[in-house]
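**Student:** File start_18.cif follows (mmCIF, N, CA and C atoms):
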data_model
#
loop_
_atom_site.label_atom_id
_atom_site.label_comp_id
_atom_site.auth_asym_id
_atom_site.auth_seq_id
_atom_site.Cartn_x
_atom_site.Cartn_y
_atom_site.Cartn_z
N MET A 161 10.00 59.40 161.48
CA MET A 161 9.03 59.87 162.43
C MET A 161 9.73 60.16 163.76
N HIS A 162 9.29 61.22 164.41
CA HIS A 162 9.88 61.61 165.69
C HIS A 162 8.77 61.76 166.72
N GLU A 163 9.03 61.26 167.89
CA GLU A 163 8.04 61.37 168.95
C GLU A 163 8.74 61.64 170.27
N CYS A 164 8.33 62.70 170.96
CA CYS A 164 8.92 63.03 172.26
C CYS A 164 8.06 62.46 173.38
N ALA A 165 8.71 62.14 174.46
CA ALA A 165 7.99 61.69 175.66
C ALA A 165 7.20 62.86 176.21
N PRO A 166 6.15 62.59 176.98
CA PRO A 166 5.38 63.68 177.58
C PRO A 166 6.28 64.60 178.42
N GLY A 167 5.88 65.86 178.51
CA GLY A 167 6.66 66.83 179.24
C GLY A 167 6.75 66.53 180.72
N LEU A 168 7.78 67.08 181.34
CA LEU A 168 8.03 66.90 182.77
C LEU A 168 7.96 68.25 183.45
N SER A 169 7.79 68.24 184.76
CA SER A 169 7.95 69.47 185.53
C SER A 169 9.46 69.67 185.73
N LEU A 170 9.85 70.89 186.06
CA LEU A 170 11.28 71.14 186.31
C LEU A 170 11.77 70.29 187.48
N ASP A 171 10.96 70.15 188.52
CA ASP A 171 11.37 69.34 189.66
C ASP A 171 11.60 67.89 189.26
N GLU A 172 10.69 67.33 188.46
CA GLU A 172 10.87 65.95 187.98
C GLU A 172 12.14 65.83 187.15
N TYR A 173 12.34 66.78 186.25
CA TYR A 173 13.49 66.75 185.36
C TYR A 173 14.80 66.80 186.14
N PHE A 174 14.93 67.75 187.05
CA PHE A 174 16.19 67.93 187.77
C PHE A 174 16.41 66.89 188.86
N SER A 175 15.40 66.13 189.22
CA SER A 175 15.55 65.13 190.29
C SER A 175 16.50 64.00 189.90
N SER A 176 16.68 63.78 188.61
CA SER A 176 17.53 62.66 188.18
C SER A 176 18.72 63.09 187.33
N GLY A 177 18.90 64.37 187.12
CA GLY A 177 19.98 64.84 186.26
C GLY A 177 21.28 65.07 187.00
N PRO A 178 22.33 65.37 186.26
CA PRO A 178 23.62 65.67 186.89
C PRO A 178 23.56 66.97 187.69
N ALA A 179 24.32 67.03 188.76
CA ALA A 179 24.29 68.18 189.67
C ALA A 179 24.70 69.49 189.00
N HIS A 180 25.56 69.42 187.99
CA HIS A 180 26.03 70.65 187.34
C HIS A 180 24.98 71.28 186.42
N GLU A 181 23.88 70.57 186.16
CA GLU A 181 22.90 71.05 185.18
C GLU A 181 22.03 72.20 185.72
N ARG A 182 21.52 72.10 186.93
CA ARG A 182 20.59 73.11 187.46
C ARG A 182 21.23 74.50 187.53
N PRO A 183 22.47 74.65 188.03
CA PRO A 183 23.05 75.99 188.08
C PRO A 183 23.22 76.62 186.69
N VAL A 184 23.52 75.82 185.69
CA VAL A 184 23.64 76.34 184.32
C VAL A 184 22.26 76.80 183.84
N PHE A 185 21.25 75.97 184.04
CA PHE A 185 19.88 76.35 183.66
C PHE A 185 19.49 77.65 184.36
N ASP A 186 19.72 77.75 185.65
CA ASP A 186 19.35 78.95 186.40
C ASP A 186 20.06 80.19 185.86
N ALA A 187 21.33 80.07 185.50
CA ALA A 187 22.07 81.21 184.95
C ALA A 187 21.51 81.63 183.59
N VAL A 188 21.21 80.66 182.74
CA VAL A 188 20.64 80.96 181.43
C VAL A 188 19.28 81.63 181.59
N MET A 189 18.43 81.07 182.43
CA MET A 189 17.09 81.61 182.61
C MET A 189 17.11 82.97 183.30
N SER A 190 18.03 83.18 184.21
CA SER A 190 18.15 84.48 184.87
C SER A 190 18.38 85.57 183.82
N HIS A 191 19.22 85.27 182.85
CA HIS A 191 19.45 86.24 181.78
C HIS A 191 18.23 86.37 180.87
N LEU A 192 17.73 85.25 180.38
CA LEU A 192 16.66 85.30 179.38
C LEU A 192 15.37 85.90 179.91
N GLU A 193 15.10 85.78 181.21
CA GLU A 193 13.90 86.39 181.78
C GLU A 193 13.95 87.90 181.68
N SER A 194 15.16 88.47 181.55
CA SER A 194 15.28 89.91 181.35
C SER A 194 15.11 90.31 179.89
N VAL A 195 15.12 89.33 178.99
CA VAL A 195 15.00 89.59 177.56
C VAL A 195 13.54 89.57 177.13
N GLY A 196 12.78 88.59 177.63
CA GLY A 196 11.38 88.46 177.26
C GLY A 196 10.81 87.14 177.71
N PRO A 197 9.56 86.87 177.38
CA PRO A 197 8.94 85.61 177.82
C PRO A 197 9.57 84.41 177.13
N VAL A 198 9.75 83.35 177.90
CA VAL A 198 10.32 82.10 177.39
C VAL A 198 9.40 80.96 177.80
N HIS A 199 9.02 80.16 176.83
CA HIS A 199 8.23 78.95 177.11
C HIS A 199 9.20 77.79 177.19
N LEU A 200 9.06 76.96 178.22
CA LEU A 200 9.93 75.80 178.40
C LEU A 200 9.21 74.52 178.00
N ASP A 201 9.84 73.72 177.16
CA ASP A 201 9.41 72.36 176.91
C ASP A 201 10.43 71.47 177.60
N VAL A 202 10.02 70.86 178.70
CA VAL A 202 10.93 70.05 179.51
C VAL A 202 10.62 68.58 179.21
N VAL A 203 11.57 67.92 178.57
CA VAL A 203 11.42 66.51 178.21
C VAL A 203 12.64 65.75 178.73
N SER A 204 12.60 64.45 178.67
CA SER A 204 13.66 63.64 179.28
C SER A 204 15.05 63.92 178.71
N GLU A 205 15.15 64.32 177.45
CA GLU A 205 16.47 64.53 176.87
C GLU A 205 17.00 65.95 176.99
N GLY A 206 16.19 66.86 177.52
CA GLY A 206 16.67 68.22 177.70
C GLY A 206 15.54 69.22 177.86
N ILE A 207 15.93 70.49 177.85
CA ILE A 207 14.97 71.58 178.00
C ILE A 207 15.05 72.43 176.74
N PHE A 208 13.91 72.58 176.07
CA PHE A 208 13.84 73.38 174.86
C PHE A 208 13.25 74.73 175.20
N LEU A 209 13.89 75.80 174.75
CA LEU A 209 13.47 77.16 175.03
C LEU A 209 12.82 77.75 173.79
N LYS A 210 11.61 78.29 173.96
CA LYS A 210 10.83 78.78 172.82
C LYS A 210 10.30 80.17 173.07
N ASN A 211 10.02 80.88 171.96
CA ASN A 211 9.41 82.22 172.07
C ASN A 211 8.63 82.67 170.83
N PRO A 212 7.78 82.08 170.15
CA PRO A 212 7.18 80.77 170.39
C PRO A 212 7.95 79.62 169.74
N ARG A 213 8.84 79.92 168.76
CA ARG A 213 9.63 78.84 168.15
C ARG A 213 10.86 78.54 169.00
N LYS A 214 11.39 77.34 168.84
CA LYS A 214 12.60 76.97 169.59
C LYS A 214 13.76 77.84 169.14
N PHE A 215 14.43 78.46 170.10
CA PHE A 215 15.61 79.26 169.79
C PHE A 215 16.85 78.72 170.50
N ALA A 216 16.65 77.86 171.49
CA ALA A 216 17.79 77.30 172.21
C ALA A 216 17.36 76.01 172.90
N GLU A 217 18.36 75.24 173.30
CA GLU A 217 18.08 74.02 174.05
C GLU A 217 19.24 73.75 175.00
N LEU A 218 18.93 73.10 176.09
CA LEU A 218 19.93 72.69 177.06
C LEU A 218 19.84 71.18 177.19
N ARG A 219 20.96 70.51 176.89
CA ARG A 219 21.00 69.04 176.96
C ARG A 219 22.14 68.63 177.89
N PRO A 220 21.81 67.82 178.90
CA PRO A 220 22.84 67.43 179.86
C PRO A 220 23.84 66.45 179.26
N LYS A 221 25.09 66.64 179.62
CA LYS A 221 26.18 65.73 179.28
C LYS A 221 26.87 65.36 180.59
N ASP A 222 27.79 64.41 180.53
CA ASP A 222 28.46 63.97 181.76
C ASP A 222 29.20 65.09 182.49
N ARG A 223 29.89 65.96 181.75
CA ARG A 223 30.71 66.98 182.39
C ARG A 223 30.29 68.42 182.07
N TRP A 224 29.25 68.60 181.27
CA TRP A 224 28.80 69.93 180.92
C TRP A 224 27.34 69.87 180.46
N VAL A 225 26.81 71.05 180.18
CA VAL A 225 25.49 71.16 179.55
C VAL A 225 25.72 71.69 178.15
N ALA A 226 25.21 70.98 177.15
CA ALA A 226 25.30 71.45 175.77
C ALA A 226 24.19 72.47 175.55
N VAL A 227 24.57 73.72 175.40
CA VAL A 227 23.62 74.81 175.17
C VAL A 227 23.64 75.11 173.68
N GLY A 228 22.59 74.68 172.99
CA GLY A 228 22.51 74.88 171.55
C GLY A 228 21.61 76.05 171.22
N PHE A 229 21.95 76.78 170.16
CA PHE A 229 21.14 77.92 169.74
C PHE A 229 21.42 78.22 168.27
N SER A 230 20.45 78.88 167.64
CA SER A 230 20.51 79.17 166.22
C SER A 230 20.67 80.67 165.98
N LEU A 231 21.59 81.01 165.08
CA LEU A 231 21.80 82.41 164.69
C LEU A 231 21.80 82.51 163.16
N GLU A 232 21.73 83.73 162.67
CA GLU A 232 21.80 83.96 161.22
C GLU A 232 23.24 84.14 160.75
N ARG A 233 24.18 83.91 161.63
CA ARG A 233 25.62 84.08 161.32
C ARG A 233 26.41 83.10 162.16
N ARG A 234 27.66 82.93 161.79
CA ARG A 234 28.58 82.15 162.62
C ARG A 234 29.07 83.05 163.75
N ALA A 235 29.13 82.50 164.94
CA ALA A 235 29.60 83.27 166.09
C ALA A 235 30.69 82.48 166.80
N ALA A 236 31.43 83.17 167.62
CA ALA A 236 32.51 82.52 168.37
C ALA A 236 32.33 82.83 169.86
N HIS A 237 32.68 81.86 170.66
CA HIS A 237 32.72 82.01 172.12
C HIS A 237 33.64 80.91 172.62
N ARG A 238 34.31 81.13 173.71
CA ARG A 238 35.27 80.14 174.22
C ARG A 238 34.65 78.79 174.51
N THR A 239 33.33 78.73 174.75
CA THR A 239 32.67 77.45 175.04
C THR A 239 32.14 76.75 173.79
N ILE A 240 32.16 77.43 172.65
CA ILE A 240 31.71 76.81 171.40
C ILE A 240 32.89 76.07 170.81
N THR A 241 32.92 74.76 171.02
CA THR A 241 34.06 73.96 170.57
C THR A 241 33.67 72.95 169.49
N ARG A 242 32.37 72.79 169.28
CA ARG A 242 31.91 71.87 168.24
C ARG A 242 31.79 72.59 166.90
N LYS A 243 31.73 71.82 165.85
CA LYS A 243 31.53 72.37 164.52
C LYS A 243 30.19 73.10 164.46
N ILE A 244 30.20 74.29 163.89
CA ILE A 244 28.97 75.06 163.69
C ILE A 244 28.32 74.55 162.42
N VAL A 245 27.05 74.18 162.51
CA VAL A 245 26.36 73.55 161.39
C VAL A 245 25.41 74.54 160.73
N GLU A 246 25.55 74.70 159.41
CA GLU A 246 24.65 75.57 158.65
C GLU A 246 23.46 74.75 158.17
N HIS A 247 22.28 75.33 158.32
CA HIS A 247 21.06 74.66 157.86
C HIS A 247 20.00 75.71 157.56
N GLY A 248 19.56 75.75 156.32
CA GLY A 248 18.48 76.66 155.95
C GLY A 248 18.78 78.13 156.17
N GLY A 249 20.02 78.55 155.95
CA GLY A 249 20.38 79.95 156.13
C GLY A 249 20.66 80.36 157.56
N ARG A 250 20.63 79.40 158.47
CA ARG A 250 20.96 79.67 159.87
C ARG A 250 22.11 78.78 160.30
N PHE A 251 22.71 79.14 161.42
CA PHE A 251 23.87 78.42 161.92
C PHE A 251 23.57 77.92 163.34
N TRP A 252 23.70 76.61 163.53
CA TRP A 252 23.44 75.99 164.84
C TRP A 252 24.75 75.91 165.60
N HIS A 253 24.77 76.53 166.77
CA HIS A 253 25.94 76.57 167.64
C HIS A 253 25.68 75.73 168.87
N VAL A 254 26.72 75.10 169.40
CA VAL A 254 26.60 74.37 170.66
C VAL A 254 27.75 74.80 171.56
N ALA A 255 27.38 75.36 172.71
CA ALA A 255 28.36 75.77 173.70
C ALA A 255 28.40 74.71 174.80
N ASN A 256 29.58 74.23 175.12
CA ASN A 256 29.75 73.26 176.21
C ASN A 256 29.98 74.04 177.50
N VAL A 257 28.92 74.15 178.29
CA VAL A 257 28.91 74.99 179.49
C VAL A 257 29.07 74.10 180.72
N ARG A 258 30.19 74.24 181.40
CA ARG A 258 30.50 73.39 182.55
C ARG A 258 29.92 73.93 183.86
N THR A 259 29.93 75.25 184.02
CA THR A 259 29.44 75.86 185.25
C THR A 259 28.64 77.12 184.91
N ALA A 260 27.93 77.63 185.90
CA ALA A 260 27.17 78.86 185.69
C ALA A 260 28.08 80.03 185.32
N ASP A 261 29.34 79.99 185.75
CA ASP A 261 30.29 81.05 185.41
C ASP A 261 30.57 81.12 183.92
N ASP A 262 30.37 80.02 183.21
CA ASP A 262 30.56 80.02 181.75
C ASP A 262 29.46 80.80 181.04
N VAL A 263 28.35 81.05 181.72
CA VAL A 263 27.25 81.83 181.14
C VAL A 263 27.59 83.31 181.39
N ASP A 264 28.60 83.76 180.65
CA ASP A 264 29.10 85.12 180.81
C ASP A 264 28.35 86.09 179.90
N GLU A 265 28.75 87.34 179.93
CA GLU A 265 28.07 88.38 179.15
C GLU A 265 28.09 88.07 177.66
N ALA A 266 29.20 87.57 177.15
CA ALA A 266 29.29 87.28 175.73
C ALA A 266 28.34 86.15 175.31
N LEU A 267 28.25 85.10 176.12
CA LEU A 267 27.32 84.02 175.80
C LEU A 267 25.87 84.50 175.96
N CYS A 268 25.61 85.30 176.95
CA CYS A 268 24.26 85.87 177.12
C CYS A 268 23.87 86.72 175.91
N ASP A 269 24.83 87.47 175.37
CA ASP A 269 24.55 88.27 174.17
C ASP A 269 24.15 87.37 173.00
N LEU A 270 24.81 86.22 172.86
CA LEU A 270 24.48 85.29 171.78
C LEU A 270 23.10 84.68 172.00
N LEU A 271 22.76 84.36 173.23
CA LEU A 271 21.43 83.82 173.54
C LEU A 271 20.34 84.87 173.29
N THR A 272 20.63 86.11 173.60
CA THR A 272 19.69 87.20 173.30
C THR A 272 19.48 87.31 171.80
N GLU A 273 20.56 87.24 171.05
CA GLU A 273 20.47 87.31 169.59
C GLU A 273 19.63 86.14 169.05
N ALA A 274 19.85 84.94 169.58
CA ALA A 274 19.06 83.78 169.14
C ALA A 274 17.59 83.99 169.47
N TYR A 275 17.29 84.53 170.62
CA TYR A 275 15.91 84.82 171.02
C TYR A 275 15.27 85.78 170.01
N GLU A 276 15.99 86.84 169.68
CA GLU A 276 15.46 87.85 168.77
C GLU A 276 15.28 87.31 167.36
N VAL A 277 16.20 86.47 166.90
CA VAL A 277 16.08 85.86 165.57
C VAL A 277 14.83 84.99 165.51
N ALA A 278 14.58 84.20 166.53
CA ALA A 278 13.41 83.31 166.54
C ALA A 278 12.10 84.08 166.65
N ALA A 279 12.15 85.28 167.21
CA ALA A 279 10.93 86.07 167.40
C ALA A 279 10.46 86.74 166.12
N ARG A 280 11.32 86.77 165.10
CA ARG A 280 10.93 87.44 163.84
C ARG A 280 9.95 86.64 163.06
#
For the file at hand, write its structure as C-alpha cells.
**Tutor:**
Amino acid sequence: MHECAPGLSLDEYFSSGPAHERPVFDAVMSHLESVGPVHLDVVSEGIFLKNPRKFAELRPKDRWVAVGFSLERRAAHRTITRKIVEHGGRFWHVANVRTADDVDEALCDLLTEAYEVAAR
C-alpha cells in the first residue's frame, strides 16, 4: 500500500528544501510551459509533473535534483548517469541536474518527448 502526504503549495515546499532546487524547477517549468499545460502535484518528497498522467518528477538530493521522466526508448544526456530502467515497454530515465544551466536544449527536448508520450 502506498500513501502520499497531503499536497503542499510551492512556497511551503521550497521553504525547507535545498537552495539549488528552485532554480532547477524554474528552468524546467519555463520550458514546459511553452509545451503545454502541466499539473503539479507538490508533496514532501518531490514535485510530480502531469498532463494528466505523470510524465516527470523532480526529487531533491543533497547536491542535485533528480529529474525523472519516462520515454518509449532509451535516451542519452550528459546528466543521465543512473541505470535506465525498462518497465512496461517504457524506459525510466533520471537526470542528475545540479544547476539550471544543466537544463539545456537537449534535456528540454527529452522532457518535451516525455510530455508528448504521456499525453497519448
**Student:** Between atom N of A:Arg250 and atom N of A:Asp269, what is the distance, to one decimal in Å?
**Tutor:** 19.2 Å
**Student:** Could you find all residues in chain A that DSSP calls helix (DSSP H, G or I) from the backbone, and write them as a ChimeraX atom specification?
**Tutor:** /A:170-174,181-192,260-262,265-279
**Student:** My list of candidates is A:Val245, A:Phe215, A:Ser204, A:Ala278. Which is closest to A:Ser175 when distances are computed with only C-alpha atoms?
**Tutor:** A:Ser204
**Student:** Between atom C of A:Asp264 and atom C of A:His191, measure the distance and give it in Å to one decimal.
**Tutor:** 10.2 Å
**Student:** Using only C-alpha atoms, find all polymer residues with an atom at most 10 Å away from the point (22.3, 60.8, 178.9); report them as a list in words.
**Tutor:**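 So the residues meeting the distance criterion are Gly177, Pro178, Ser204, Glu205, Gly206, Arg219, Pro220, Lys221 and Asp222 of chain A.
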**Student:** With only C-alpha atoms as the basis for distance, which of A:Ala260, A:Ala266, A:Val195, A:Val225 is at the shortest distance from A:Asn211?
**Tutor:**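 Of all the options, A:Val195 lies closest to A:Asn211.
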